[in-house]
Each structure stands twice: as structure tokens, then as C-alpha cells.
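Raw query.json, JSON, C-alpha atoms:
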```json
[["chain", "number", "residue", "atom", "x", "y", "z"],
["A", 1, "MET", "CA", -47.27, -20.40, 26.30],
["A", 2, "THR", "CA", -49.53, -23.37, 27.14],
["A", 3, "ASN", "CA", -48.87, -26.96, 26.11],
["A", 4, "VAL", "CA", -51.79, -26.79, 23.67],
["A", 5, "ALA", "CA", -50.35, -23.70, 22.05],
["A", 6, "LEU", "CA", -46.94, -25.32, 21.79],
["A", 7, "LYS", "CA", -48.39, -28.47, 20.23],
["A", 8, "SER", "CA", -49.99, -26.34, 17.52],
["A", 9, "LYS", "CA", -46.57, -25.04, 16.44],
["A", 10, "PHE", "CA", -45.67, -27.40, 13.62],
["A", 11, "PRO", "CA", -42.20, -26.99, 12.11],
["A", 12, "ALA", "CA", -43.31, -25.01, 9.06],
["A", 13, "SER", "CA", -44.67, -22.18, 11.21],
["A", 14, "LEU", "CA", -42.16, -22.32, 14.06],
["A", 15, "PRO", "CA", -40.19, -19.09, 14.65],
["A", 16, "ASP", "CA", -36.44, -19.58, 14.98],
["A", 17, "SER", "CA", -36.53, -17.62, 18.21],
["A", 18, "LEU", "CA", -38.93, -20.11, 19.79],
["A", 19, "LEU", "CA", -36.80, -23.07, 18.68],
["A", 20, "GLN", "CA", -33.79, -21.38, 20.27],
["A", 21, "GLN", "CA", -35.75, -20.75, 23.46],
["A", 22, "TRP", "CA", -36.77, -24.39, 23.66],
["A", 23, "ASN", "CA", -33.18, -25.52, 23.18],
["A", 24, "GLU", "CA", -32.07, -23.26, 26.01],
["A", 25, "GLN", "CA", -34.67, -24.87, 28.26],
["A", 26, "LEU", "CA", -33.72, -28.39, 27.16],
["A", 27, "GLN", "CA", -30.05, -27.70, 27.87],
["A", 28, "THR", "CA", -30.79, -27.61, 31.61],
["A", 29, "MET", "CA", -32.71, -30.91, 31.61],
["A", 30, "SER", "CA", -31.66, -34.52, 31.96],
["A", 31, "ALA", "CA", -32.10, -36.86, 29.00],
["A", 32, "ILE", "CA", -35.28, -38.44, 30.35],
["A", 33, "GLU", "CA", -36.69, -34.99, 31.17],
["A", 34, "ARG", "CA", -36.09, -33.97, 27.56],
["A", 35, "VAL", "CA", -38.12, -36.94, 26.37],
["A", 36, "GLU", "CA", -40.94, -36.14, 28.79],
["A", 37, "TRP", "CA", -40.85, -32.49, 27.69],
["A", 38, "ALA", "CA", -41.25, -33.55, 24.06],
["A", 39, "TYR", "CA", -44.33, -35.62, 24.86],
["A", 40, "GLN", "CA", -45.86, -32.62, 26.61],
["A", 41, "HIS", "CA", -44.95, -29.94, 24.08],
["A", 42, "LEU", "CA", -44.32, -31.39, 20.61],
["A", 43, "PRO", "CA", -46.85, -32.77, 18.13],
["A", 44, "SER", "CA", -47.53, -36.49, 17.88],
["A", 45, "SER", "CA", -47.17, -39.04, 16.48],
["A", 46, "PHE", "CA", -43.76, -39.98, 17.92],
["A", 47, "ALA", "CA", -41.15, -42.48, 16.79],
["A", 48, "LEU", "CA", -37.63, -43.57, 17.66],
["A", 49, "THR", "CA", -35.09, -44.39, 14.97],
["A", 50, "SER", "CA", -32.36, -46.86, 15.84],
["A", 51, "SER", "CA", -29.44, -48.43, 14.01],
["A", 52, "PHE", "CA", -29.20, -51.11, 16.72],
["A", 53, "GLY", "CA", -25.56, -50.14, 16.85],
["A", 54, "ILE", "CA", -22.96, -50.32, 19.58],
["A", 55, "GLN", "CA", -24.81, -48.27, 22.24],
["A", 56, "SER", "CA", -28.37, -48.33, 20.91],
["A", 57, "ALA", "CA", -29.78, -50.08, 23.96],
["A", 58, "VAL", "CA", -29.63, -46.77, 25.86],
["A", 59, "MET", "CA", -32.27, -44.98, 23.79],
["A", 60, "LEU", "CA", -34.37, -48.10, 23.25],
["A", 61, "HIS", "CA", -34.62, -48.57, 27.00],
["A", 62, "MET", "CA", -35.07, -44.88, 27.84],
["A", 63, "LEU", "CA", -37.85, -44.23, 25.32],
["A", 64, "THR", "CA", -39.81, -47.36, 26.18],
["A", 65, "GLN", "CA", -39.82, -46.27, 29.83],
["A", 66, "VAL", "CA", -41.83, -43.23, 28.74],
["A", 67, "ASP", "CA", -43.86, -44.84, 25.95],
["A", 68, "LYS", "CA", -43.77, -48.64, 25.81],
["A", 69, "ASP", "CA", -45.50, -48.68, 22.41],
["A", 70, "ILE", "CA", -43.42, -46.06, 20.62],
["A", 71, "PRO", "CA", -42.68, -47.19, 17.06],
["A", 72, "VAL", "CA", -39.00, -48.14, 16.69],
["A", 73, "LEU", "CA", -37.79, -47.75, 13.11],
["A", 74, "VAL", "CA", -34.74, -49.55, 11.75],
["A", 75, "THR", "CA", -33.56, -49.51, 8.14],
["A", 76, "ASP", "CA", -32.42, -52.88, 6.84],
["A", 77, "THR", "CA", -30.11, -52.62, 3.84],
["A", 78, "GLY", "CA", -29.78, -56.39, 3.56],
["A", 79, "TYR", "CA", -26.10, -56.05, 4.43],
["A", 80, "LEU", "CA", -26.20, -55.77, 8.22],
["A", 81, "PHE", "CA", -23.92, -57.98, 10.28],
["A", 82, "GLU", "CA", -25.36, -61.29, 11.48],
["A", 83, "GLU", "CA", -24.64, -60.02, 14.98],
["A", 84, "THR", "CA", -26.80, -56.96, 14.30],
["A", 85, "TYR", "CA", -29.80, -59.01, 13.20],
["A", 86, "ARG", "CA", -29.47, -61.16, 16.32],
["A", 87, "PHE", "CA", -29.06, -58.03, 18.46],
["A", 88, "ILE", "CA", -32.30, -56.62, 16.99],
["A", 89, "ASP", "CA", -34.10, -59.85, 17.85],
["A", 90, "GLU", "CA", -32.63, -59.88, 21.37],
["A", 91, "LEU", "CA", -33.58, -56.31, 22.24],
["A", 92, "THR", "CA", -36.98, -56.55, 20.56],
["A", 93, "GLU", "CA", -37.88, -59.48, 22.77],
["A", 94, "ARG", "CA", -36.26, -58.12, 25.92],
["A", 95, "LEU", "CA", -37.81, -54.62, 25.69],
["A", 96, "SER", "CA", -41.03, -55.67, 23.89],
["A", 97, "LEU", "CA", -40.28, -53.21, 21.10],
["A", 98, "ASN", "CA", -42.88, -52.03, 18.61],
["A", 99, "LEU", "CA", -40.42, -52.69, 15.79],
["A", 100, "HIS", "CA", -40.84, -51.44, 12.22],
["A", 101, "VAL", "CA", -38.28, -52.73, 9.71],
["A", 102, "LEU", "CA", -37.83, -50.46, 6.69],
["A", 103, "SER", "CA", -36.08, -51.30, 3.45],
["A", 104, "ALA", "CA", -35.69, -50.10, -0.12],
["A", 105, "ASP", "CA", -38.32, -50.89, -2.72],
["A", 106, "ILE", "CA", -35.64, -52.64, -4.77],
["A", 107, "SER", "CA", -34.01, -55.72, -3.24],
["A", 108, "PRO", "CA", -30.24, -55.77, -2.53],
["A", 109, "ALA", "CA", -29.72, -58.41, -5.23],
["A", 110, "TRP", "CA", -31.57, -56.36, -7.82],
["A", 111, "GLN", "CA", -29.67, -53.24, -6.87],
["A", 112, "LEU", "CA", -26.39, -55.13, -7.23],
["A", 113, "ALA", "CA", -27.39, -56.30, -10.70],
["A", 114, "ARG", "CA", -28.51, -52.83, -11.75],
["A", 115, "TYR", "CA", -25.88, -50.60, -10.16],
["A", 116, "GLY", "CA", -23.02, -52.82, -9.01],
["A", 117, "GLU", "CA", -21.29, -52.26, -5.66],
["A", 118, "GLN", "CA", -22.11, -48.58, -5.30],
["A", 119, "TRP", "CA", -20.36, -48.34, -1.92],
["A", 120, "ALA", "CA", -17.05, -49.08, -3.70],
["A", 121, "GLN", "CA", -17.49, -46.83, -6.73],
["A", 122, "GLY", "CA", -16.89, -43.38, -5.28],
["A", 123, "GLU", "CA", -18.44, -40.77, -3.02],
["A", 124, "LYS", "CA", -21.36, -39.90, -5.32],
["A", 125, "GLU", "CA", -22.36, -43.54, -5.78],
["A", 126, "LEU", "CA", -22.05, -44.16, -2.04],
["A", 127, "LYS", "CA", -24.41, -41.27, -1.35],
["A", 128, "GLN", "CA", -26.88, -42.67, -3.87],
["A", 129, "TYR", "CA", -26.67, -46.07, -2.17],
["A", 130, "ASN", "CA", -27.33, -44.51, 1.24],
["A", 131, "PHE", "CA", -30.22, -42.46, -0.08],
["A", 132, "LEU", "CA", -31.88, -45.46, -1.69],
["A", 133, "ASN", "CA", -31.37, -47.82, 1.23],
["A", 134, "LYS", "CA", -31.53, -45.56, 4.27],
["A", 135, "VAL", "CA", -32.94, -42.06, 3.74],
["A", 136, "GLN", "CA", -35.75, -42.95, 1.35],
["A", 137, "PRO", "CA", -37.06, -45.94, 3.37],
["A", 138, "LEU", "CA", -36.94, -43.91, 6.60],
["A", 139, "GLU", "CA", -38.83, -40.97, 5.12],
["A", 140, "LYS", "CA", -41.45, -43.35, 3.71],
["A", 141, "GLY", "CA", -41.79, -45.05, 7.11],
["A", 142, "LEU", "CA", -42.12, -41.76, 9.01],
["A", 143, "THR", "CA", -44.74, -40.55, 6.54],
["A", 144, "ASN", "CA", -46.77, -43.78, 6.65],
["A", 145, "LEU", "CA", -46.83, -43.64, 10.46],
["A", 146, "GLY", "CA", -47.79, -39.95, 10.47],
["A", 147, "VAL", "CA", -44.75, -39.04, 12.57],
["A", 148, "ASN", "CA", -44.27, -35.37, 13.43],
["A", 149, "THR", "CA", -41.61, -35.82, 16.13],
["A", 150, "TRP", "CA", -38.83, -38.38, 16.11],
["A", 151, "PHE", "CA", -36.11, -39.24, 18.57],
["A", 152, "SER", "CA", -32.54, -40.21, 17.78],
["A", 153, "GLY", "CA", -29.66, -41.31, 20.00],
["A", 154, "ILE", "CA", -26.86, -39.56, 18.10],
["A", 155, "ARG", "CA", -24.18, -37.75, 20.14],
["A", 156, "ARG", "CA", -21.92, -34.78, 19.46],
["A", 157, "ASP", "CA", -18.70, -36.69, 20.07],
["A", 158, "GLN", "CA", -19.42, -39.21, 17.29],
["A", 159, "THR", "CA", -18.77, -37.15, 14.13],
["A", 160, "SER", "CA", -17.73, -33.67, 13.04],
["A", 161, "HIS", "CA", -21.22, -33.00, 11.64],
["A", 162, "ARG", "CA", -22.86, -33.78, 14.96],
["A", 163, "GLN", "CA", -20.61, -31.54, 17.04],
["A", 164, "ASN", "CA", -22.81, -28.50, 16.44],
["A", 165, "LEU", "CA", -26.23, -30.12, 16.43],
["A", 166, "PRO", "CA", -28.81, -28.76, 18.89],
["A", 167, "ILE", "CA", -30.89, -30.90, 21.21],
["A", 168, "LEU", "CA", -34.00, -30.10, 19.18],
["A", 169, "GLN", "CA", -34.03, -29.32, 15.48],
["A", 170, "VAL", "CA", -36.37, -29.28, 12.53],
["A", 171, "LEU", "CA", -35.20, -31.76, 9.91],
["A", 172, "ARG", "CA", -36.96, -32.47, 6.62],
["A", 173, "GLY", "CA", -40.23, -31.04, 7.92],
["A", 174, "ARG", "CA", -40.34, -32.81, 11.29],
["A", 175, "PHE", "CA", -39.18, -32.16, 14.83],
["A", 176, "LYS", "CA", -36.13, -34.25, 15.73],
["A", 177, "LEU", "CA", -34.99, -34.54, 19.34],
["A", 178, "HIS", "CA", -31.58, -35.81, 20.52],
["A", 179, "PRO", "CA", -31.97, -36.56, 24.25],
["A", 180, "ILE", "CA", -28.39, -37.78, 24.77],
["A", 181, "ILE", "CA", -26.66, -35.47, 22.27],
["A", 182, "ASP", "CA", -24.32, -34.13, 25.00],
["A", 183, "TRP", "CA", -23.55, -37.47, 26.64],
["A", 184, "SER", "CA", -20.03, -38.87, 26.80],
["A", 185, "SER", "CA", -19.04, -42.51, 26.29],
["A", 186, "LYS", "CA", -18.73, -42.67, 30.07],
["A", 187, "ASP", "CA", -22.35, -41.52, 30.48],
["A", 188, "VAL", "CA", -23.48, -44.19, 28.03],
["A", 189, "HIS", "CA", -21.48, -46.91, 29.78],
["A", 190, "GLU", "CA", -22.88, -45.95, 33.18],
["A", 191, "TYR", "CA", -26.46, -46.05, 31.87],
["A", 192, "LEU", "CA", -25.94, -49.48, 30.32],
["A", 193, "GLN", "CA", -24.39, -50.76, 33.54],
["A", 194, "LYS", "CA", -27.12, -49.29, 35.74],
["A", 195, "HIS", "CA", -29.90, -50.95, 33.75],
["A", 196, "ASN", "CA", -28.00, -54.15, 32.92],
["A", 197, "LEU", "CA", -28.18, -53.45, 29.19],
["A", 198, "PRO", "CA", -25.83, -54.89, 26.57],
["A", 199, "TYR", "CA", -23.50, -53.30, 24.08],
["A", 200, "HIS", "CA", -23.72, -54.57, 20.50],
["A", 201, "PRO", "CA", -21.84, -57.93, 20.34],
["A", 202, "LEU", "CA", -19.20, -56.48, 17.99],
["A", 203, "TRP", "CA", -18.11, -54.06, 20.71],
["A", 204, "GLU", "CA", -15.93, -56.88, 22.03],
["A", 205, "GLN", "CA", -14.18, -57.01, 18.64],
["A", 206, "ASN", "CA", -13.22, -53.32, 18.78],
["A", 207, "TYR", "CA", -16.05, -51.99, 16.62],
["A", 208, "VAL", "CA", -17.09, -48.51, 17.76],
["A", 209, "SER", "CA", -19.72, -47.98, 15.06],
["A", 210, "VAL", "CA", -21.63, -50.66, 13.17],
["A", 211, "GLY", "CA", -23.40, -50.35, 9.83],
["A", 212, "ASP", "CA", -23.18, -52.53, 6.72],
["A", 213, "THR", "CA", -20.68, -55.37, 6.49],
["A", 214, "HIS", "CA", -19.12, -53.89, 3.37],
["A", 215, "SER", "CA", -18.59, -50.43, 4.87],
["A", 216, "THR", "CA", -17.63, -51.00, 8.52],
["A", 217, "VAL", "CA", -14.29, -51.96, 10.04],
["A", 218, "PRO", "CA", -13.08, -52.20, 13.64],
["A", 219, "LEU", "CA", -11.13, -49.34, 15.17],
["A", 220, "SER", "CA", -7.35, -49.65, 14.99],
["A", 221, "ALA", "CA", -4.60, -47.58, 16.60],
["A", 222, "GLU", "CA", -4.05, -45.25, 13.63],
["A", 223, "MET", "CA", -7.76, -44.48, 13.09],
["A", 224, "ASN", "CA", -10.36, -42.20, 14.59],
["A", 225, "GLU", "CA", -14.00, -43.24, 14.90],
["A", 226, "GLU", "CA", -15.07, -41.63, 11.62],
["A", 227, "ASP", "CA", -12.51, -43.70, 9.69],
["A", 228, "THR", "CA", -14.29, -46.93, 10.61],
["A", 229, "ARG", "CA", -17.23, -46.26, 8.28],
["A", 230, "PHE", "CA", -17.35, -45.99, 4.48],
["A", 231, "ASN", "CA", -13.54, -46.24, 4.18],
["A", 232, "GLY", "CA", -13.31, -42.79, 5.74],
["A", 233, "GLN", "CA", -15.07, -41.19, 2.74],
["A", 234, "GLN", "CA", -17.96, -39.98, 4.88],
["A", 235, "ARG", "CA", -19.46, -40.71, 8.28],
["A", 236, "GLU", "CA", -23.01, -39.49, 7.72],
["A", 237, "CYS", "CA", -25.30, -41.65, 5.60],
["A", 238, "GLY", "CA", -27.86, -38.85, 5.13],
["A", 239, "LEU", "CA", -30.34, -39.79, 7.85],
["A", 240, "HIS", "CA", -29.21, -36.95, 10.12],
["A", 241, "THR", "CA", -28.44, -34.26, 7.53],
["A", 242, "ASP", "CA", -30.55, -31.66, 5.72],
["A", 243, "GLY", "CA", -29.70, -32.92, 2.24],
["A", 244, "ASP", "CA", -31.24, -35.85, 0.44],
["A", 245, "GLY", "CA", -27.96, -37.77, 0.41],
["A", 246, "ILE", "CA", -27.24, -37.29, -3.29]]
```

With the file now loaded, output its structure as C-alpha cells.
Amino acid sequence: MTNVALKSKFPASLPDSLLQQWNEQLQTMSAIERVEWAYQHLPSSFALTSSFGIQSAVMLHMLTQVDKDIPVLVTDTGYLFEETYRFIDELTERLSLNLHVLSADISPAWQLARYGEQWAQGEKELKQYNFLNKVQPLEKGLTNLGVNTWFSGIRRDQTSHRQNLPILQVLRGRFKLHPIIDWSSKDVHEYLQKHNLPYHPLWEQNYVSVGDTHSTVPLSAEMNEEDTRFNGQQRECGLHTDGDGI
């Protein structure tokens, strides 16, 4: 099948057998080869989503080596760590990122007045908070930019949900590619070292995953990585799942 024919295969009309075939091909490729394959075979426009978390510099560097102007989308809940905001500024300047900051239509202060601290009220309220502040802004941003294919730096060893994710999937009507899905922490560290890239500043304080200040804690001896977010209630905020987060 030619590149043109492949590019015409939007998610709605894509046979499962072809998606499986593509994943088998991608399995044999390096991370950068997977990115290059996507640009040759999948429909534009393209975007990269980033949390600017502990190891986010890997994907930000890798994608901008292929496409220096790729839109980089980050969702700002208004509750990110000060270190995260400074990290965003640092990497945006260093890598000349085409940064797009997305946020909810309702300000954090207004949400607090209307709903209270949803992240502390139970699992249902936490999901509603994540949907309003993460999933909904991202979907609006992807739609406004006309994105048909987006890249994410999630990895299988991060959460139980991600253990079975393919390299390429169709999520909420778009192609979603995970170039480093099968990387280990060692692979990540070696890439950062090779390209003189930084970890998130909170890495030095034993944070292994960084989100909102009210829902993130450093890793301690009796915890696993998933316990460091949302008081262990959930690890996925909805951005990488099929549901709407509610």
C-alpha cells in the first residue's frame, strides 16, 4: 500500500487488521523511526502532548528533531508546581518549542467556589475535575489545531493501564502514537544523558511523577509509582483512556 493510500485511511475507516499490521511493523523500529514512519504514513496535522513531567524532555527533544514546529500541547490546571512552570519555560526556550497552553473555560478560583476541592471529595469528583481541567481542554485544543495524529511519551512500565497499550492506537477519533512505549527507565536516562537533557527539577526530591500540587507526592519506600498520584485512587487522569473521565 502506498503512502498516499495509507494517509487516506482515517481512523473511522481503518480496519483492525491494518492497525495490527502497522503495530507489528512499528515493533521492529526504533523510537525515532516510529516518529518518521508516522510522518510518512499517518494523516496530518500532527501534535505532541506533554505534561512537562519528570522525563518529558525525551519526547520534546525527539519530536523537534523531526519537526521543529510541531505544536506542543500542555494542559495547565492552575495547580502545577512552581518548578513545573519554570521547567516549561526552560525547555520552551532551549528547544524553541511551538507551545500551546490549554486550560479549562472556568478559572481554578471559580471552580473552587462552585465545586469545592473536587480532588479531595471522592473518585467520581476527581474524575470530573480531571475531565474539566485536562481532557476537555486537550480535546478542544486538538480540534482547534485540526490534529489527526498526536504523539505521547507514555510508557508501559508507568501504570497498569499502560501495560497493554500498543505503539499505535485510535483514541477518541484520532491516531495516537507512543514512540517510547516500550522504553525502560534506563533507556530514558541514557537518552537524557546522551543529549544533555534535564530531568524535571523535582526528580531530585524523589518525585517519579508530577502533576498538580494537591494530588502529587514523592515516592517513599512503602509506595509504588501509581500511589504517588491522586492519593492512590487512580493513576490515569483520562487523557490516555477511551472514556471521557466521568

_Counting only C-alpha atoms, which residues sit no farther than 9 Å from the position (-35.6, -34.1, 27.3) in the file's frame? I'd like them as a list of chain:residue names._
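Final list of nearby residues, as requested, is A:Leu26, A:Gln27, A:Met29, A:Ser30, A:Ala31, A:Ile32, A:Glu33, A:Arg34, A:Val35, A:Glu36, A:Trp37, A:Ala38, A:Ile167, A:Leu177, A:His178, A:Pro179, A:Ile180.
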
*asked:* Env of A:Asp67: 12 Å cut, atoms = only C-alpha atoms, seq-sep filter 3 positions within chain, self excluded. Answer as a PyMOL selection string.
replied: chain A and resi 32+35-36+38-39+45-48+59-64+70-72+95-98

_So, with only C-alpha atoms as the atoms that count, which of A:Phe131, A:Phe52, A:Tyr199, A:Trp183 lies closest to A:Ile88?_
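Of A:Phe131, A:Phe52, A:Tyr199, A:Trp183, the one nearest A:Ile88, counting only C-alpha atoms, is A:Phe52.
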
_Using all atoms listed in the file: which of A:Thr49, A:Thr84, A:Thr28, A:Gln55 has the shortest distance to A:Tyr191_ =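 Nearest candidate to A:Tyr191 out of A:Thr49, A:Thr84, A:Thr28, A:Gln55: A:Gln55.
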
_Residues near A:Gly78, anyone? I mean within 12 Å using all atoms listed in the file, not counting same-chain ones fewer than 3 positions away, as a list in words._
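In the requested format, the answer is Val74, Thr75, Phe81, Glu82, Thr84, Tyr85, Val101, Leu102, Ser103, Ala104, Asp105, Ile106, Ser107, Pro108, Ala109, Trp110, Gln111, Leu112, Asn133, Lys134, Gly211, Asp212, Thr213 and His214 of chain A.
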
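Between atom CA of A:Asn206 and atom CA of A:Leu219 the interatomic distance comes to 5.8 Å.
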
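Shortest separation to A:Gln205 among A:Val66, A:Ile54, A:Leu171, A:Leu19 occurs at residue A:Ile54, atoms counted being only C-alpha atoms.
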
*asked:* Show me, as a PyMOL selection string, the residues that have an atom within 7 Å of A:Lys176 when counting only C-alpha atoms, minus same-chain residues fewer than 4 positions from it.
replied: chain A and resi 149-151+168-171

*atom CA of A:Gln136 and atom CA of A:Arg155 are how many Å apart?*
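So the two atoms, atom CA of A:Gln136 and atom CA of A:Arg155, lie 22.7 Å apart.
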
*Pairwise distance for atom CA of A:Glu204 and atom CA of A:Trp119, rounded to one decimal in Å*: 25.8 Å

*Which of these, A:Leu73, A:Gly53, A:Ser44, A:Gln25, has the shortest distance to A:Lys140 once you count only C-alpha atoms?*
A:Leu73

So for stretch 206-219 of chain A, what box centre and size do we get, axis-aligned, 6 Å extra on each of the six sides, every listed atom, Å to one decimal, as JSON?
```
{"center_x": -17.3, "center_y": -51.7, "center_z": 11.1, "size_x": 24.3, "size_y": 19.4, "size_z": 27.4}
```

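Proximity ranking of A:Gly122, A:Pro166, A:Gly173, A:Pro218 relative to A:Val147 places A:Gly173 first, based on only C-alpha atoms.
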
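Minimum atom-to-atom distances from A:Gln40, A:Gln65, A:Ser209, A:Thr77 to A:Leu138 were compared using all atoms listed in the file, and the lowest value belongs to A:Thr77.
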
Pull all heavy atoms for stretch 102-112 of chain A from the block and write them as a tab-separated table (two decimals), in the first residue's frame.
```tsv
chain	number	residue	atom	x	y	z
A	102	LEU	N	-3.14	24.97	27.27
A	102	LEU	CA	-4.58	24.75	27.27
A	102	LEU	C	-5.09	24.76	28.70
A	102	LEU	O	-4.44	24.28	29.61
A	102	LEU	CB	-4.90	23.40	26.63
A	102	LEU	CG	-4.23	23.11	25.28
A	102	LEU	CD1	-4.52	21.68	24.84
A	102	LEU	CD2	-4.70	24.11	24.22
A	103	SER	N	-6.28	25.30	28.89
A	103	SER	CA	-6.86	25.32	30.23
A	103	SER	C	-8.38	25.30	30.13
A	103	SER	O	-8.96	25.51	29.06
A	103	SER	CB	-6.40	26.57	31.00
A	103	SER	OG	-6.74	27.75	30.30
A	104	ALA	N	-9.01	25.05	31.26
A	104	ALA	CA	-10.47	24.97	31.32
A	104	ALA	C	-11.09	26.34	31.05
A	104	ALA	O	-10.46	27.39	31.25
A	104	ALA	CB	-10.92	24.47	32.69
A	105	ASP	N	-12.32	26.33	30.60
A	105	ASP	CA	-13.04	27.58	30.35
A	105	ASP	C	-13.35	28.31	31.64
A	105	ASP	O	-13.55	29.53	31.64
A	105	ASP	CB	-14.34	27.29	29.59
A	105	ASP	CG	-14.10	26.75	28.19
A	105	ASP	OD1	-13.03	27.06	27.62
A	105	ASP	OD2	-14.97	26.02	27.66
A	106	ILE	N	-13.43	27.57	32.75
A	106	ILE	CA	-13.72	28.16	34.05
A	106	ILE	C	-12.43	28.22	34.85
A	106	ILE	O	-11.71	27.22	34.95
A	106	ILE	CB	-14.76	27.31	34.82
A	106	ILE	CG1	-16.00	27.07	33.96
A	106	ILE	CG2	-15.15	27.99	36.13
A	106	ILE	CD1	-16.98	26.09	34.57
A	107	SER	N	-12.11	29.35	35.43
A	107	SER	CA	-10.85	29.51	36.16
A	107	SER	C	-10.79	28.61	37.39
A	107	SER	O	-11.84	28.21	37.93
A	107	SER	CB	-10.68	30.97	36.59
A	107	SER	OG	-11.59	31.27	37.65
A	108	PRO	N	-9.59	28.29	37.87
A	108	PRO	CA	-9.46	27.48	39.09
A	108	PRO	C	-10.20	28.08	40.28
A	108	PRO	O	-10.83	27.35	41.06
A	108	PRO	CB	-7.95	27.43	39.33
A	108	PRO	CG	-7.36	27.60	37.97
A	108	PRO	CD	-8.27	28.54	37.26
A	109	ALA	N	-10.12	29.39	40.44
A	109	ALA	CA	-10.80	30.04	41.57
A	109	ALA	C	-12.31	29.89	41.47
A	109	ALA	O	-13.00	29.64	42.48
A	109	ALA	CB	-10.41	31.52	41.61
A	110	TRP	N	-12.84	30.03	40.28
A	110	TRP	CA	-14.29	29.90	40.09
A	110	TRP	C	-14.73	28.45	40.30
A	110	TRP	O	-15.77	28.18	40.90
A	110	TRP	CB	-14.66	30.37	38.69
A	110	TRP	CG	-16.09	30.82	38.54
A	110	TRP	CD1	-17.16	30.46	39.32
A	110	TRP	CD2	-16.61	31.73	37.59
A	110	TRP	NE1	-18.31	31.06	38.90
A	110	TRP	CE2	-18.00	31.85	37.83
A	110	TRP	CE3	-16.04	32.45	36.53
A	110	TRP	CZ2	-18.83	32.67	37.05
A	110	TRP	CZ3	-16.86	33.25	35.76
A	110	TRP	CH2	-18.25	33.37	36.02
A	111	GLN	N	-13.93	27.53	39.81
A	111	GLN	CA	-14.23	26.11	40.05
A	111	GLN	C	-14.26	25.80	41.54
A	111	GLN	O	-15.13	25.07	42.02
A	111	GLN	CB	-13.19	25.22	39.37
A	111	GLN	CG	-13.28	25.16	37.86
A	111	GLN	CD	-12.26	24.20	37.29
A	111	GLN	OE1	-12.19	23.05	37.69
A	111	GLN	NE2	-11.45	24.67	36.35
A	112	LEU	N	-13.29	26.35	42.27
A	112	LEU	CA	-13.22	26.10	43.71
A	112	LEU	C	-14.45	26.64	44.42
A	112	LEU	O	-15.01	25.99	45.31
A	112	LEU	CB	-11.95	26.75	44.27
A	112	LEU	CG	-11.53	26.34	45.68
A	112	LEU	CD1	-11.26	24.85	45.76
A	112	LEU	CD2	-10.29	27.14	46.11
```
